[in-house]
Amino acid sequence: MDKRTTPIAKIFLIAVFLILYVPIFFLIYYSFNSGGTMSHFKGFTLDWYRQLFGDTRMFIIVLNTLVIALLSSLSATVIGVFGALAIYSYKRRAKNTLLSFNNVLIVSPDVIIGASFLILFTMAGIQLGFMSVLLSHIAFSIPIVVLLVLPKLNEMRPSLIDAARDLGASNWHVLSKVVLPFISPGILAGFFMALTYSLDDFAVTFFVTGNGFTTLSVEIYSLARRGISLHINALSAVLFLFTIVLVIVYYFISRRSSMKTMGVRK
Amino acid sequence: MENAVIIQFNHVTKQYQNDPAVLKDVSFEIERGKFYTLLGPSGCGKTTILRLIAGFTEATTGDIFIDGKKVNTIPANRRQVNTVFQDYALFPHLNVFENVAFGLRIKKMKQAQIEAKVKEALSFVNLKGYENREISGMSGGQRQRVAIARAIVNEPEVILLDEPLSALDLKLRTQMQYELRELQKRLGITFIFVTHDQEEALAMSDEIFVLNEGKIQQSGTPIDIYDEPINRFVADFIGESNIVPGIMIEDFLVEFVGKRFDCVDQGMNTNEPVEVVIRPEDLEITTREQGKLQVTVHSLLFRGVHYELSCTDEDGNEWLVHSTKKAAIGDEIGLYFDPESIHVMRLGESEEDFDRRLEAYTEEDHHAK
């Protein structure tokens, strides 16, 4: 196979990334505009950021968002891992059926999931607010974790489990000393994926959040509805930066764990 | 004295759901401290026997005893046997030391003791100094040794080896054959080795069980099985053979290809239909007149140590000959063989009858001498 890329392929790739990233950078660029609009750049200022960080209401919203993201992704990871283990243990047909059920949840539109949660919570009498948002975030994150953990489980040779049992391992030891360490890259990927899903979820949160509780994406939406303010740009820029940091952290963690299993090959 | 039998199968049958049985009423005994080989083509049930001993699967009917105790329902993690897997099944997230120490850690042994034992086990398999290596950085042969060390460190009564050499290249495989045999002698524990490679089986074993279609066809020392195969399957599977139909005229006289030959077999009915085996290396090339059989050469292969000639006789039977002498394709040659080279097999004889008949006339031999 020829490994060189043709100029057309290169140009195409660059164009794709430009289209994806330019709007974001455009947004960030104008967050430093002292002019107050996004039509032309007047001069450099950090006023919007100062305003943002001085806003305690906004600080609480950020905190809410982070707490929801961390709690929901942690719980979803635990539940999702056991879910994946359960699906893995079934025979082929049941496995495929369960996996399809899982995948339907991922592809079905957020609006439908959000609306159905809203109906569920009102019928169950759960007050809309922190709890309802947390529960729905956990719920929509679980399928993602399952989807990322299952391939690692399938990758694991069944003889590894036999070997562990052969060496005297009880069921608990097999799980804790062999299976979980083996699938840990999948668990990690699932956790981070759930974290980002929760951080940027708008539709579901919008449905299930009540008065007095809001997350960043919902807040940005309501700010934008009130009229364009560069406040939003600053907020988006901070959010974008945070996401980048997450990606970098994930990169380093996964590289460290893969280096350990791959060893140093020459 | 300790009981010599370590593993016993008592009419064991294994069947997965509605599929035909993988093992059909198998009974055998395995003695302490010997090197056993389960030999057979894929799907013959040899790996199933191993999995039954290890406890990864349960017998449908019949009993399995290890060290005199019935173990039918004892799970794998509480059996005194350890397995070396075909794909090694090393834990990729642990280094060499931790892989070997796995079983000891589960037993909650003290760290100092673990270190000493792992070190000893690794030096047994010539992997001193590899403790901190990652598994992924090791070659197939080295992984194989780690897998063996991981099994022997637990000091089991029996080690089960499931085609452990099949993934290695020829040279390394031969070397590991020596090493495994050596290791078994030094440790003095029972090895049960599963393979489909007959050469491997002949070279390493004290005792071979030849399996086919869920049944033990024949068991015995490598020499017994090679020289006195019980039936067509064993003769064909172990080494190469010429097998032709014949008739046992009387004791010491057998007829095949329309001629009568002296032989050393006896104890059969007169005029009983039989099958006759002659090994290719027992056939000698001579002139047409001197040969006991007259054949035409139709292909010739150079095999390194010998030529392999494929010939046909007048009846259309094919004769494979291994000879250092060369013959040209199309030559009409004679084949000579000693009466001892003829081995007569009865059709459908059970292993018990076969052994009884063989014993009967080897005893006579002793009296005669």
# chains A, B, ... in the order shown; residues from 1 in each chain; ligands from 1
>>> interface_residues(of="chain B", to="chain A", cutoff="6 Å", atoms="only C-alpha atoms", output="list of chain:residue names")
B:Ala76, B:Asn77, B:Asn82, B:Ala89, B:Pro92, B:His93, B:Gly103, B:Glu134, B:Ser136, B:Gly137
>>> write_last_selection(atoms="N, CA and C atoms", output="PDB file, in the first residue's frame")
ATOM      1  N   ALA B  76     -12.744 -25.505  39.141  1.00  0.00           N
ATOM      2  CA  ALA B  76     -11.341 -25.462  38.692  1.00  0.00           C
ATOM      3  C   ALA B  76     -10.418 -24.827  39.722  1.00  0.00           C
ATOM      4  N   ASN B  77     -10.920 -23.788  40.417  1.00  0.00           N
ATOM      5  CA  ASN B  77     -10.022 -23.065  41.323  1.00  0.00           C
ATOM      6  C   ASN B  77      -9.707 -23.842  42.605  1.00  0.00           C
ATOM      7  N   ASN B  82      -2.742 -27.687  37.254  1.00  0.00           N
ATOM      8  CA  ASN B  82      -2.570 -26.407  36.566  1.00  0.00           C
ATOM      9  C   ASN B  82      -2.395 -26.641  35.073  1.00  0.00           C
ATOM     10  N   ALA B  89      -2.380 -17.707  27.393  1.00  0.00           N
ATOM     11  CA  ALA B  89      -3.296 -17.037  28.323  1.00  0.00           C
ATOM     12  C   ALA B  89      -2.568 -16.312  29.443  1.00  0.00           C
ATOM     13  N   PRO B  92      -2.023  -9.850  30.223  1.00  0.00           N
ATOM     14  CA  PRO B  92      -1.256  -8.806  29.548  1.00  0.00           C
ATOM     15  C   PRO B  92      -0.993  -7.580  30.420  1.00  0.00           C
ATOM     16  N   HIS B  93      -1.805  -7.395  31.466  1.00  0.00           N
ATOM     17  CA  HIS B  93      -1.622  -6.203  32.288  1.00  0.00           C
ATOM     18  C   HIS B  93      -0.614  -6.429  33.412  1.00  0.00           C
ATOM     19  N   GLY B 103      -0.940 -17.124  41.097  1.00  0.00           N
ATOM     20  CA  GLY B 103      -1.536 -18.181  41.918  1.00  0.00           C
ATOM     21  C   GLY B 103      -1.128 -18.077  43.375  1.00  0.00           C
ATOM     22  N   GLU B 134       7.668  -6.918  30.420  1.00  0.00           N
ATOM     23  CA  GLU B 134       6.241  -6.968  30.108  1.00  0.00           C
ATOM     24  C   GLU B 134       6.014  -8.130  29.155  1.00  0.00           C
ATOM     25  N   SER B 136       4.100  -8.356  26.567  1.00  0.00           N
ATOM     26  CA  SER B 136       4.025  -8.005  25.148  1.00  0.00           C
ATOM     27  C   SER B 136       5.402  -7.856  24.516  1.00  0.00           C
ATOM     28  N   GLY B 137       6.425  -7.677  25.341  1.00  0.00           N
ATOM     29  CA  GLY B 137       7.762  -7.519  24.798  1.00  0.00           C
ATOM     30  C   GLY B 137       8.507  -8.834  24.637  1.00  0.00           C
TER      31      GLY B 137
END
>>> residues_around(residues="stretch 113-117 of chain B", least_positions_apart="5", cutoff="12 Å", atoms="only C-alpha atoms", output="PyMOL selection string")
chain B and resi 97-108+122-124+131+149-155
>>> atom_distance(atom1="atom CA of B:Glu31", atom2="atom CA of B:Asn126")
27.7 Å
>>> atom_distance(atom1="atom CA of A:Leu239", atom2="atom CA of A:Phe44")
20.3 Å
>>> residues_around(residues="B:Val264", least_positions_apart="4", cutoff="10 Å", atoms="only C-alpha atoms", output="mmCIF file with N, CA and C atoms, in the first residue's frame")
data_model
loop_
_atom_site.group_PDB
_atom_site.id
_atom_site.type_symbol
_atom_site.label_atom_id
_atom_site.label_comp_id
_atom_site.auth_asym_id
_atom_site.auth_seq_id
_atom_site.Cartn_x
_atom_site.Cartn_y
_atom_site.Cartn_z
ATOM 1 N N ASP B 251 -2.211 -69.377 11.730
ATOM 2 C CA ASP B 251 -1.179 -68.701 12.496
ATOM 3 C C ASP B 251 0.091 -68.630 11.650
ATOM 4 N N PHE B 252 0.732 -67.502 11.683
ATOM 5 C CA PHE B 252 1.997 -67.242 10.982
ATOM 6 C C PHE B 252 1.898 -67.255 9.458
ATOM 7 N N LEU B 253 0.702 -67.231 8.911
ATOM 8 C CA LEU B 253 0.598 -67.204 7.453
ATOM 9 C C LEU B 253 -0.560 -66.287 7.046
ATOM 10 N N VAL B 254 -0.222 -65.278 6.264
ATOM 11 C CA VAL B 254 -1.243 -64.320 5.863
ATOM 12 C C VAL B 254 -1.203 -64.152 4.340
ATOM 13 N N ASP B 338 10.860 -58.309 5.659
ATOM 14 C CA ASP B 338 10.967 -59.442 6.588
ATOM 15 C C ASP B 338 9.598 -59.838 7.103
ATOM 16 N N PRO B 339 9.444 -61.069 7.556
ATOM 17 C CA PRO B 339 8.163 -61.480 8.181
ATOM 18 C C PRO B 339 7.807 -60.596 9.372
ATOM 19 N N GLU B 340 8.839 -60.117 10.112
ATOM 20 C CA GLU B 340 8.582 -59.265 11.293
ATOM 21 C C GLU B 340 7.978 -57.920 10.891
ATOM 22 N N SER B 341 8.202 -57.512 9.644
ATOM 23 C CA SER B 341 7.710 -56.193 9.211
ATOM 24 C C SER B 341 6.212 -56.208 8.949
ATOM 25 N N ILE B 342 5.643 -57.404 8.782
ATOM 26 C CA ILE B 342 4.201 -57.484 8.541
ATOM 27 C C ILE B 342 3.478 -57.377 9.876
ATOM 28 N N HIS B 343 2.523 -56.449 9.944
ATOM 29 C CA HIS B 343 1.696 -56.379 11.151
ATOM 30 C C HIS B 343 0.245 -56.582 10.740
ATOM 31 N N VAL B 344 -0.395 -57.589 11.336
ATOM 32 C CA VAL B 344 -1.766 -57.914 10.960
ATOM 33 C C VAL B 344 -2.743 -57.335 11.980
ATOM 34 N N TYR B 361 0.709 -64.332 23.184
ATOM 35 C CA TYR B 361 1.799 -64.904 22.419
ATOM 36 C C TYR B 361 3.180 -64.352 22.717
#
>>> residues_around(residues="A:Phe207", least_positions_apart="4", cutoff="10 Å", atoms="only C-alpha atoms", output="list in words")
Asp110, Val111, Ile112, Ile113, Gly114, Ala115, Ser116, Phe117, Leu118, Ile119, Leu128, Ser132, Val133, Phe202, Ala203 and Val218 of chain A
>>> select_by_dssp(residues="stretch 132-231 of chain B", states="alpha helix (DSSP H)", output="ChimeraX atom specification")
/B:140-152,170-187,198-204,222-227
>>> closest_residue(among="B:Gln17, B:Gln217, B:Gln142, B:Ser42", to="B:Glu352", atoms="only C-alpha atoms")
B:Gln217
>>> atom_distance(atom1="atom CA of B:Val210", atom2="atom CA of B:Arg32")
19.6 Å
